[in-house]
file work-v3.cif (mmCIF, C-alpha atoms)
data_upload
#
loop_
_atom_site.group_PDB
_atom_site.id
_atom_site.type_symbol
_atom_site.label_atom_id
_atom_site.label_comp_id
_atom_site.auth_asym_id
_atom_site.auth_seq_id
_atom_site.Cartn_x
_atom_site.Cartn_y
_atom_site.Cartn_z
ATOM 1 C CA MET A 206 0.000 0.000 0.000
ATOM 2 C CA GLU A 207 1.403 3.389 -1.004
ATOM 3 C CA HIS A 208 2.340 5.698 1.872
ATOM 4 C CA PRO A 209 0.051 8.793 2.165
ATOM 5 C CA ALA A 210 3.018 11.174 2.057
ATOM 6 C CA SER A 211 4.315 9.710 -1.218
ATOM 7 C CA SER A 212 0.798 9.585 -2.711
ATOM 8 C CA TRP A 213 0.165 13.305 -2.400
ATOM 9 C CA ARG A 214 3.639 14.109 -3.743
ATOM 10 C CA ALA A 215 2.941 11.904 -6.773
ATOM 11 C CA ALA A 216 -0.435 13.572 -7.273
ATOM 12 C CA LEU A 217 1.220 16.976 -7.113
ATOM 13 C CA ASP A 218 3.781 15.964 -9.748
ATOM 14 C CA ARG A 219 1.125 14.558 -12.098
ATOM 15 C CA ALA A 220 -1.105 17.587 -11.706
ATOM 16 C CA GLY A 221 1.830 19.922 -12.359
ATOM 17 C CA ARG A 222 2.654 18.145 -15.642
ATOM 18 C CA ALA A 223 -0.995 18.236 -16.664
ATOM 19 C CA LEU A 224 -1.154 21.987 -16.175
ATOM 20 C CA LEU A 225 1.785 22.611 -18.522
ATOM 21 C CA PRO A 226 0.660 23.569 -22.072
ATOM 22 C CA ARG A 227 1.614 21.238 -24.889
ATOM 23 C CA ARG A 228 3.018 22.324 -28.252
ATOM 24 C CA GLY A 229 0.479 22.641 -31.008
ATOM 25 C CA THR A 230 -2.540 22.745 -28.700
ATOM 26 C CA PRO A 231 -4.865 25.753 -28.466
ATOM 27 C CA ARG A 232 -4.692 28.035 -25.426
ATOM 28 C CA ARG A 233 -6.781 26.649 -22.565
ATOM 29 C CA SER A 234 -9.517 28.626 -20.825
ATOM 30 C CA PRO A 235 -9.087 29.635 -17.153
ATOM 31 C CA TRP A 236 -11.721 27.049 -16.124
ATOM 32 C CA SER A 237 -9.717 24.221 -17.668
ATOM 33 C CA LEU A 238 -6.808 25.196 -15.444
ATOM 34 C CA LEU A 239 -8.870 25.826 -12.298
ATOM 35 C CA VAL A 240 -10.615 22.446 -12.172
ATOM 36 C CA PRO A 241 -7.385 20.356 -11.996
ATOM 37 C CA LEU A 242 -6.019 22.779 -9.405
ATOM 38 C CA VAL A 243 -9.091 22.332 -7.159
ATOM 39 C CA ALA A 244 -8.855 18.549 -7.538
ATOM 40 C CA LEU A 245 -5.161 18.736 -6.652
ATOM 41 C CA LEU A 246 -5.863 20.722 -3.486
ATOM 42 C CA ALA A 247 -8.661 18.334 -2.461
ATOM 43 C CA GLY A 248 -6.424 15.323 -2.929
ATOM 44 C CA LEU A 249 -3.643 17.043 -1.011
ATOM 45 C CA LEU A 250 -6.054 17.757 1.872
ATOM 46 C CA PHE A 251 -7.282 14.150 2.004
ATOM 47 C CA SER A 252 -3.736 12.784 1.948
ATOM 48 C CA MET A 253 -2.546 15.102 4.726
ATOM 49 C CA THR A 254 -5.594 14.215 6.833
ATOM 50 C CA ALA A 255 -4.916 10.499 6.418
ATOM 51 C CA HIS A 256 -1.272 11.042 7.339
ATOM 52 C CA ALA A 257 -2.197 13.027 10.482
ATOM 53 C CA ALA A 258 -4.866 10.575 11.600
ATOM 54 C CA GLN A 259 -2.569 7.530 11.373
ATOM 55 C CA GLY A 260 -5.613 5.271 11.228
ATOM 56 C CA THR A 261 -7.509 6.986 14.077
ATOM 57 C CA ALA A 262 -10.651 9.109 14.075
ATOM 58 C CA LEU A 263 -9.723 12.789 14.275
ATOM 59 C CA ARG A 264 -13.174 13.811 15.557
ATOM 60 C CA ASP A 265 -13.497 11.067 18.133
ATOM 61 C CA ASP A 266 -15.574 12.286 21.103
ATOM 62 C CA ARG A 267 -13.495 11.973 24.258
ATOM 63 C CA ASN A 268 -16.249 13.027 26.660
ATOM 64 C CA PRO A 269 -17.131 9.418 27.600
ATOM 65 C CA GLN A 270 -13.454 8.751 28.373
ATOM 66 C CA LEU A 271 -13.247 11.877 30.551
ATOM 67 C CA SER A 272 -16.467 10.958 32.363
ATOM 68 C CA SER A 273 -15.171 7.446 33.038
ATOM 69 C CA LEU A 274 -11.882 8.852 34.333
ATOM 70 C CA ILE A 275 -13.700 11.170 36.736
ATOM 71 C CA GLN A 276 -15.847 8.311 38.023
ATOM 72 C CA ASP A 277 -12.775 6.131 38.586
ATOM 73 C CA ARG A 278 -11.015 8.908 40.513
ATOM 74 C CA GLN A 279 -14.157 9.491 42.564
ATOM 75 C CA ARG A 280 -14.295 5.822 43.546
ATOM 76 C CA GLN A 281 -10.626 5.934 44.541
ATOM 77 C CA ILE A 282 -11.241 9.031 46.673
ATOM 78 C CA ASP A 283 -14.203 7.372 48.390
ATOM 79 C CA GLN A 284 -12.150 4.258 49.141
ATOM 80 C CA GLN A 285 -9.265 6.306 50.531
ATOM 81 C CA ALA A 286 -11.714 8.348 52.626
ATOM 82 C CA LYS A 287 -13.044 5.147 54.193
ATOM 83 C CA VAL A 288 -9.508 3.986 54.966
ATOM 84 C CA ALA A 289 -8.644 7.363 56.521
ATOM 85 C CA GLY A 290 -11.839 7.301 58.579
ATOM 86 C CA GLY A 291 -10.997 3.839 59.896
ATOM 87 C CA LEU A 292 -7.507 4.963 60.880
ATOM 88 C CA ARG A 293 -8.893 7.987 62.719
ATOM 89 C CA ASP A 294 -11.264 5.696 64.626
ATOM 90 C CA GLN A 295 -8.317 3.532 65.632
ATOM 91 C CA VAL A 296 -6.391 6.580 66.858
ATOM 92 C CA GLU A 297 -9.353 7.728 68.930
ATOM 93 C CA HIS A 298 -9.792 4.246 70.370
ATOM 94 C CA GLN A 299 -6.127 4.026 71.355
ATOM 95 C CA THR A 300 -6.360 7.511 72.844
ATOM 96 C CA ASP A 301 -9.327 6.441 74.954
ATOM 97 C CA LEU A 302 -7.383 3.415 76.196
ATOM 98 C CA ALA A 303 -4.378 5.566 77.048
ATOM 99 C CA GLY A 304 -6.590 8.095 78.825
ATOM 100 C CA GLY A 305 -7.843 5.392 81.166
ATOM 101 C CA SER A 306 -4.401 4.938 82.670
ATOM 102 C CA ASP A 307 -2.765 8.351 82.113
ATOM 103 C CA ALA A 308 -4.168 11.379 83.937
ATOM 104 C CA ASP A 309 -2.483 13.918 81.611
ATOM 105 C CA ILE A 310 -3.899 12.288 78.473
ATOM 106 C CA ALA A 311 -7.323 12.054 80.095
ATOM 107 C CA ALA A 312 -7.252 15.775 80.923
ATOM 108 C CA LEU A 313 -6.257 16.738 77.385
ATOM 109 C CA GLN A 314 -8.903 14.445 75.938
ATOM 110 C CA GLN A 315 -11.596 15.994 78.121
ATOM 111 C CA ARG A 316 -10.473 19.477 77.070
ATOM 112 C CA ALA A 317 -10.620 18.473 73.415
ATOM 113 C CA ASP A 318 -14.090 16.962 73.801
ATOM 114 C CA THR A 319 -15.498 20.245 75.098
ATOM 115 C CA ARG A 320 -14.337 21.949 71.894
ATOM 116 C CA ARG A 321 -15.571 19.345 69.435
ATOM 117 C CA PRO A 322 -19.030 20.920 68.936
ATOM 118 C CA ALA A 323 -17.529 24.329 68.103
ATOM 119 C CA ALA A 324 -15.151 22.660 65.618
ATOM 120 C CA GLY A 325 -18.009 20.891 63.840
ATOM 121 C CA LEU A 326 -16.956 17.423 64.943
ATOM 122 C CA THR A 327 -20.333 16.487 66.470
ATOM 123 C CA ALA A 328 -23.731 16.073 64.837
ATOM 124 C CA VAL A 329 -26.301 18.756 65.691
ATOM 125 C CA HIS A 330 -29.960 19.445 64.927
ATOM 126 C CA GLY A 331 -32.393 22.307 65.202
ATOM 127 C CA PRO A 332 -34.373 24.857 63.159
ATOM 128 C CA GLY A 333 -32.756 26.400 60.137
ATOM 129 C CA LEU A 334 -32.865 27.304 56.471
ATOM 130 C CA THR A 335 -32.188 25.466 53.211
ATOM 131 C CA VAL A 336 -31.051 27.273 50.041
ATOM 132 C CA ARG A 337 -31.115 25.549 46.645
ATOM 133 C CA LEU A 338 -29.164 26.857 43.625
ATOM 134 C CA ASP A 339 -29.525 25.368 40.148
ATOM 135 C CA ASP A 340 -28.496 25.949 36.544
ATOM 136 C CA ALA A 341 -31.009 27.367 34.098
ATOM 137 C CA PRO A 342 -32.854 24.703 32.068
ATOM 138 C CA ARG A 343 -31.855 24.249 28.464
ATOM 139 C CA ARG A 344 -34.191 25.543 25.816
ATOM 140 C CA PRO A 345 -35.718 22.980 23.437
ATOM 141 C CA ASP A 346 -34.200 24.786 20.449
ATOM 142 C CA ALA A 347 -30.810 25.093 22.230
ATOM 143 C CA ASN A 348 -30.685 28.796 21.348
ATOM 144 C CA LEU A 349 -29.507 31.398 23.854
ATOM 145 C CA PRO A 350 -31.286 34.693 24.511
ATOM 146 C CA PRO A 351 -29.701 37.736 22.847
ATOM 147 C CA GLY A 352 -26.646 38.984 24.717
ATOM 148 C CA VAL A 353 -26.437 35.846 26.899
ATOM 149 C CA ASN A 354 -23.538 33.366 26.902
ATOM 150 C CA PRO A 355 -23.493 29.821 28.370
ATOM 151 C CA ASP A 356 -21.609 30.947 31.501
ATOM 152 C CA ASP A 357 -24.552 33.150 32.438
ATOM 153 C CA LEU A 358 -26.818 30.101 32.753
ATOM 154 C CA VAL A 359 -24.860 28.067 35.328
ATOM 155 C CA VAL A 360 -24.153 28.364 39.047
ATOM 156 C CA HIS A 361 -20.629 29.588 39.740
ATOM 157 C CA GLN A 362 -18.296 29.324 42.713
ATOM 158 C CA GLN A 363 -18.950 32.910 43.795
ATOM 159 C CA ASP A 364 -22.700 32.222 43.871
ATOM 160 C CA VAL A 365 -22.325 29.350 46.347
ATOM 161 C CA GLN A 366 -19.792 31.335 48.365
ATOM 162 C CA ALA A 367 -22.161 34.308 48.572
ATOM 163 C CA VAL A 368 -24.892 32.103 50.042
ATOM 164 C CA VAL A 369 -22.509 30.448 52.516
ATOM 165 C CA ASN A 370 -21.066 33.775 53.679
ATOM 166 C CA ALA A 371 -24.524 35.304 54.067
ATOM 167 C CA LEU A 372 -25.738 32.371 56.176
ATOM 168 C CA TRP A 373 -22.694 32.667 58.445
ATOM 169 C CA ALA A 374 -23.311 36.407 58.709
ATOM 170 C CA GLY A 375 -26.927 35.644 59.651
ATOM 171 C CA GLY A 376 -25.812 33.664 62.683
ATOM 172 C CA ALA A 377 -25.651 30.116 61.328
ATOM 173 C CA GLU A 378 -24.494 27.723 64.038
ATOM 174 C CA ALA A 379 -23.796 24.745 61.772
ATOM 175 C CA MET A 380 -23.861 24.234 58.014
ATOM 176 C CA GLU A 381 -23.713 21.536 55.374
ATOM 177 C CA ILE A 382 -23.370 21.620 51.588
ATOM 178 C CA MET A 383 -24.694 18.623 49.667
ATOM 179 C CA GLY A 384 -24.873 16.720 52.950
ATOM 180 C CA VAL A 385 -21.213 17.447 53.831
ATOM 181 C CA ARG A 386 -20.492 19.354 57.050
ATOM 182 C CA VAL A 387 -18.754 22.686 56.534
ATOM 183 C CA ILE A 388 -16.098 23.742 59.049
ATOM 184 C CA SER A 389 -13.563 26.564 59.287
ATOM 185 C CA THR A 390 -11.112 24.834 56.924
ATOM 186 C CA SER A 391 -13.699 23.902 54.280
ATOM 187 C CA ALA A 392 -13.267 25.537 50.876
ATOM 188 C CA VAL A 393 -15.955 25.945 48.227
ATOM 189 C CA ARG A 394 -14.476 25.475 44.753
ATOM 190 C CA CYS A 395 -16.112 24.907 41.392
ATOM 191 C CA VAL A 396 -14.607 23.045 38.446
ATOM 192 C CA GLY A 397 -16.664 23.885 35.391
ATOM 193 C CA ASN A 398 -20.267 23.554 36.519
ATOM 194 C CA THR A 399 -19.467 21.043 39.282
ATOM 195 C CA LEU A 400 -18.718 21.676 42.948
ATOM 196 C CA LEU A 401 -15.537 20.332 44.550
ATOM 197 C CA LEU A 402 -15.872 19.877 48.316
ATOM 198 C CA ASN A 403 -13.556 17.811 50.526
ATOM 199 C CA GLY A 404 -12.205 15.933 47.508
ATOM 200 C CA ARG A 405 -15.647 14.974 46.177
ATOM 201 C CA VAL A 406 -17.371 16.304 43.060
ATOM 202 C CA TYR A 407 -21.044 17.313 43.083
ATOM 203 C CA SER A 408 -23.330 18.373 40.245
ATOM 204 C CA PRO A 409 -26.115 20.968 40.477
ATOM 205 C CA PRO A 410 -28.523 21.626 42.015
ATOM 206 C CA PHE A 411 -26.406 22.726 44.982
ATOM 207 C CA VAL A 412 -28.164 22.550 48.352
ATOM 208 C CA VAL A 413 -26.886 24.512 51.361
ATOM 209 C CA THR A 414 -28.478 23.880 54.771
ATOM 210 C CA ALA A 415 -27.757 25.875 57.932
ATOM 211 C CA ILE A 416 -28.970 25.614 61.517
ATOM 212 C CA GLY A 417 -29.879 28.891 63.172
ATOM 213 C CA SER A 418 -32.569 31.545 63.171
ATOM 214 C CA PRO A 419 -34.429 31.292 59.833
ATOM 215 C CA ASP A 420 -35.511 34.931 60.021
ATOM 216 C CA ALA A 421 -32.009 36.246 60.720
ATOM 217 C CA MET A 422 -30.436 34.157 57.948
ATOM 218 C CA THR A 423 -33.168 35.148 55.478
ATOM 219 C CA ALA A 424 -32.487 38.797 56.260
ATOM 220 C CA ALA A 425 -28.748 38.259 55.746
ATOM 221 C CA LEU A 426 -29.380 36.667 52.352
ATOM 222 C CA GLY A 427 -31.407 39.702 51.364
ATOM 223 C CA GLN A 428 -28.574 42.037 52.343
ATOM 224 C CA SER A 429 -25.868 40.148 50.404
ATOM 225 C CA ASP A 430 -24.860 41.812 47.116
ATOM 226 C CA GLY A 431 -23.785 38.471 45.642
ATOM 227 C CA VAL A 432 -27.053 36.748 46.533
ATOM 228 C CA ARG A 433 -29.102 39.667 45.183
ATOM 229 C CA ALA A 434 -27.199 39.491 41.881
ATOM 230 C CA PHE A 435 -27.879 35.760 41.600
ATOM 231 C CA ARG A 436 -31.582 36.220 42.416
ATOM 232 C CA LEU A 437 -31.804 38.879 39.691
ATOM 233 C CA ALA A 438 -30.226 36.469 37.206
ATOM 234 C CA ALA A 439 -32.612 33.762 38.386
ATOM 235 C CA GLY A 440 -35.573 35.990 37.585
ATOM 236 C CA THR A 441 -34.345 37.001 34.123
ATOM 237 C CA LEU A 442 -32.431 33.912 32.908
ATOM 238 C CA GLY A 443 -34.258 31.068 34.663
ATOM 239 C CA LEU A 444 -31.560 30.091 37.164
ATOM 240 C CA GLY A 445 -32.894 28.217 40.171
ATOM 241 C CA TYR A 446 -33.037 29.934 43.579
ATOM 242 C CA GLN A 447 -35.205 28.591 46.378
ATOM 243 C CA THR A 448 -35.221 28.954 50.158
ATOM 244 C CA ARG A 449 -37.129 26.786 52.613
ATOM 245 C CA THR A 450 -37.572 27.229 56.350
ATOM 246 C CA GLU A 451 -36.856 24.071 58.352
ATOM 247 C CA THR A 452 -38.355 23.364 61.782
ATOM 248 C CA ASP A 453 -35.845 20.670 62.711
ATOM 249 C CA ILE A 454 -32.945 19.539 60.556
ATOM 250 C CA ALA A 455 -29.937 17.359 61.330
ATOM 251 C CA VAL A 456 -26.427 18.314 60.258
ATOM 252 C CA PRO A 457 -23.844 15.500 60.454
ATOM 253 C CA ALA A 458 -20.466 15.742 62.114
ATOM 254 C CA TYR A 459 -17.450 16.553 59.977
ATOM 255 C CA ASP A 460 -15.645 13.291 59.208
ATOM 256 C CA GLY A 461 -12.721 14.515 57.118
ATOM 257 C CA SER A 462 -9.169 15.390 57.999
ATOM 258 C CA THR A 463 -8.606 18.280 60.413
ATOM 259 C CA ALA A 464 -4.911 18.669 59.604
ATOM 260 C CA LEU A 465 -4.002 22.179 58.439
ATOM 261 C CA GLN A 466 -2.167 22.426 55.111
ATOM 262 C CA TYR A 467 -1.722 26.180 55.194
ATOM 263 C CA ALA A 468 -2.088 28.830 57.914
ATOM 264 C CA GLN A 469 -1.074 32.439 58.350
ATOM 265 C CA ALA A 470 -0.668 34.336 61.595
ATOM 266 C CA PRO A 471 -2.752 37.538 61.819
ATOM 267 C CA ASP A 472 -0.997 40.871 61.689
ATOM 268 C CA GLN A 473 -0.211 42.305 65.108
#
call {"tool": "encode", "arguments": {"input": "work-v3.cif", "output": "structure tokens"}}
result
Amino acid sequence: MEHPASSWRAALDRAGRALLPRRGTPRRSPWSLLVPLVALLAGLLFSMTAHAAQGTALRDDRNPQLSSLIQDRQRQIDQQAKVAGGLRDQVEHQTDLAGGSDADIAALQQRADTRRPAAGLTAVHGPGLTVRLDDAPRRPDANLPPGVNPDDLVVHQQDVQAVVNALWAGGAEAMEIMGVRVISTSAVRCVGNTLLLNGRVYSPPFVVTAIGSPDAMTAALGQSDGVRAFRLAAGTLGLGYQTRTETDIAVPAYDGSTALQYAQAPDQ
């Protein structure tokens, strides 16, 4: 089988000889010269494409591969989280055993236990508020409104952060996002239109639940510039924004790592 690179060179040589005028023949019209040239360029394009593809599909959709890779990484993260949780349980068990025979360890353990609720390491329940943020639904014709781009129709990191900050400002005593307890070291990050929280990836709608005074937190949401901007977009572009008052909700304890990776001392 002839190599693609040599085939297009041969085609170029043949086409070049064909374009040369022969002795004793009448002068050709411009169309008679243009047609072989177009055919030459088409053949050259096909040959170069075949050479670049090397037997593969150039327009192969890699989204399924990316989705499978994300799912595999998510399973690995879940497995490692279970292993880490089991190791933390073993450490706590050994600490309890040591505290039974060592007065100093027992005193430190008792001191730490009194601070666990404030650190988010115990489950709590009580009245509160739930906020739900969602992307705008796709139109049947897949057309966007005039002056609107796709980024305007999805929930962004700053939107979730605005809700979280407003709930804290409204006196929230405990909070969870997508069922995951939020503590002082938790970070809200978005990758595309997905939420990354404690190593796990979540898709919209994003649900934030906080325990505290529903009236005070509702007022704080109304005073937040970021939340007001999102509510305006929800009214004009169809983004989802809902709040619901809860009479008694349960927020789980934080079960992730409490080790600090980065800290900065405040200015004196």
call {"tool": "resolve_selection", "arguments": {"input": "work-v3.cif", "expression": "the PyMOL selection byres ((chain A and resi 438) around 12)", "output": "mmCIF file with C-alpha atoms, in the frame of the given file"}}
result
data_model
loop_
_atom_site.group_PDB
_atom_site.id
_atom_site.type_symbol
_atom_site.label_atom_id
_atom_site.label_comp_id
_atom_site.auth_asym_id
_atom_site.auth_seq_id
_atom_site.Cartn_x
_atom_site.Cartn_y
_atom_site.Cartn_z
ATOM 1 C CA LEU A 338 -29.164 26.857 43.625
ATOM 2 C CA ASP A 339 -29.525 25.368 40.148
ATOM 3 C CA ASP A 340 -28.496 25.949 36.544
ATOM 4 C CA ALA A 341 -31.009 27.367 34.098
ATOM 5 C CA VAL A 353 -26.437 35.846 26.899
ATOM 6 C CA ASP A 356 -21.609 30.947 31.501
ATOM 7 C CA ASP A 357 -24.552 33.150 32.438
ATOM 8 C CA LEU A 358 -26.818 30.101 32.753
ATOM 9 C CA VAL A 359 -24.860 28.067 35.328
ATOM 10 C CA VAL A 360 -24.153 28.364 39.047
ATOM 11 C CA ASP A 364 -22.700 32.222 43.871
ATOM 12 C CA GLY A 431 -23.785 38.471 45.642
ATOM 13 C CA VAL A 432 -27.053 36.748 46.533
ATOM 14 C CA ARG A 433 -29.102 39.667 45.183
ATOM 15 C CA ALA A 434 -27.199 39.491 41.881
ATOM 16 C CA PHE A 435 -27.879 35.760 41.600
ATOM 17 C CA ARG A 436 -31.582 36.220 42.416
ATOM 18 C CA LEU A 437 -31.804 38.879 39.691
ATOM 19 C CA ALA A 439 -32.612 33.762 38.386
ATOM 20 C CA GLY A 440 -35.573 35.990 37.585
ATOM 21 C CA THR A 441 -34.345 37.001 34.123
ATOM 22 C CA LEU A 442 -32.431 33.912 32.908
ATOM 23 C CA GLY A 443 -34.258 31.068 34.663
ATOM 24 C CA LEU A 444 -31.560 30.091 37.164
ATOM 25 C CA GLY A 445 -32.894 28.217 40.171
ATOM 26 C CA TYR A 446 -33.037 29.934 43.579
#
call {"tool": "residues_around", "arguments": {"input": "work-v3.cif", "residues": "A:Val365", "least_positions_apart": "3", "cutoff": "8 Å", "atoms": "only C-alpha atoms", "output": "PyMOL selection string"}}
result
chain A and resi 338+360-362+368-369+393+411
call {"tool": "atom_distance", "arguments": {"input": "work-v3.cif", "atom1": "atom CA of A:Asp318", "atom2": "atom CA of A:Ala379"}}
result
17.3 Å
call {"tool": "closest_residue", "arguments": {"input": "work-v3.cif", "among": "A:Ser408, A:Asn348, A:Gln314, A:Ser429", "to": "A:Gln363", "atoms": "only C-alpha atoms"}}
result
A:Ser429
call {"tool": "closest_residue", "arguments": {"input": "work-v3.cif", "among": "A:Ala367, A:Ala415, A:Cys395, A:Met422", "to": "A:Ile382", "atoms": "all atoms listed in the file"}}
result
A:Ala415
call {"tool": "resolve_selection", "arguments": {"input": "work-v3.cif", "expression": "the PyMOL selection byres ((chain A and resi 414) around 10)", "output": "mmCIF file with C-alpha atoms, keeping the file's coordinate frame"}}
result
data_model
loop_
_atom_site.group_PDB
_atom_site.id
_atom_site.type_symbol
_atom_site.label_atom_id
_atom_site.label_comp_id
_atom_site.auth_asym_id
_atom_site.auth_seq_id
_atom_site.Cartn_x
_atom_site.Cartn_y
_atom_site.Cartn_z
ATOM 1 C CA GLY A 333 -32.756 26.400 60.137
ATOM 2 C CA LEU A 334 -32.865 27.304 56.471
ATOM 3 C CA THR A 335 -32.188 25.466 53.211
ATOM 4 C CA VAL A 336 -31.051 27.273 50.041
ATOM 5 C CA ARG A 337 -31.115 25.549 46.645
ATOM 6 C CA VAL A 369 -22.509 30.448 52.516
ATOM 7 C CA LEU A 372 -25.738 32.371 56.176
ATOM 8 C CA ALA A 377 -25.651 30.116 61.328
ATOM 9 C CA ALA A 379 -23.796 24.745 61.772
ATOM 10 C CA MET A 380 -23.861 24.234 58.014
ATOM 11 C CA GLU A 381 -23.713 21.536 55.374
ATOM 12 C CA ILE A 382 -23.370 21.620 51.588
ATOM 13 C CA MET A 383 -24.694 18.623 49.667
ATOM 14 C CA GLY A 384 -24.873 16.720 52.950
ATOM 15 C CA VAL A 385 -21.213 17.447 53.831
ATOM 16 C CA ARG A 386 -20.492 19.354 57.050
ATOM 17 C CA VAL A 387 -18.754 22.686 56.534
ATOM 18 C CA VAL A 412 -28.164 22.550 48.352
ATOM 19 C CA VAL A 413 -26.886 24.512 51.361
ATOM 20 C CA ALA A 415 -27.757 25.875 57.932
ATOM 21 C CA ILE A 416 -28.970 25.614 61.517
ATOM 22 C CA GLY A 417 -29.879 28.891 63.172
ATOM 23 C CA THR A 448 -35.221 28.954 50.158
ATOM 24 C CA ARG A 449 -37.129 26.786 52.613
ATOM 25 C CA THR A 450 -37.572 27.229 56.350
ATOM 26 C CA GLU A 451 -36.856 24.071 58.352
ATOM 27 C CA ILE A 454 -32.945 19.539 60.556
ATOM 28 C CA ALA A 455 -29.937 17.359 61.330
ATOM 29 C CA VAL A 456 -26.427 18.314 60.258
#
call {"tool": "atom_distance", "arguments": {"input": "work-v3.cif", "atom1": "atom CA of A:Leu426", "atom2": "atom CA of A:Tyr459"}}
result
24.6 Å
call {"tool": "closest_residue", "arguments": {"input": "work-v3.cif", "among": "A:Asn370, A:Thr463, A:Thr390, A:Thr399", "to": "A:Asp430", "atoms": "only C-alpha atoms"}}
result
A:Asn370
call {"tool": "atom_distance", "arguments": {"input": "work-v3.cif", "atom1": "atom CA of A:Asp307", "atom2": "atom CA of A:Ala323"}}
result
25.9 Å
call {"tool": "closest_residue", "arguments": {"input": "work-v3.cif", "among": "A:Ala421, A:Leu313, A:Ile388, A:Leu401", "to": "A:Leu326", "atoms": "only C-alpha atoms"}}
result
A:Ile388
call {"tool": "closest_residue", "arguments": {"input": "work-v3.cif", "among": "A:Glu378, A:Arg394, A:Asp420, A:Gln469", "to": "A:Gly325", "atoms": "all atoms listed in the file"}}
result
A:Glu378
call {"tool": "residues_around", "arguments": {"input": "work-v3.cif", "residues": "A:Thr327", "least_positions_apart": "3", "cutoff": "7 Å", "atoms": "all atoms listed in the file", "output": "list in words"}}
result
Arg321, Pro322 and Ala458 of chain A
call {"tool": "closest_residue", "arguments": {"input": "work-v3.cif", "among": "A:Gln285, A:Gly375, A:Ser391, A:Asn398", "to": "A:Ala324", "atoms": "all atoms listed in the file"}}
result
A:Ser391
call {"tool": "residues_around", "arguments": {"input": "work-v3.cif", "residues": "A:Ala392", "least_positions_apart": "6", "cutoff": "10 Å", "atoms": "only C-alpha atoms", "output": "PyMOL selection string"}}
result
chain A and resi 366+401-403
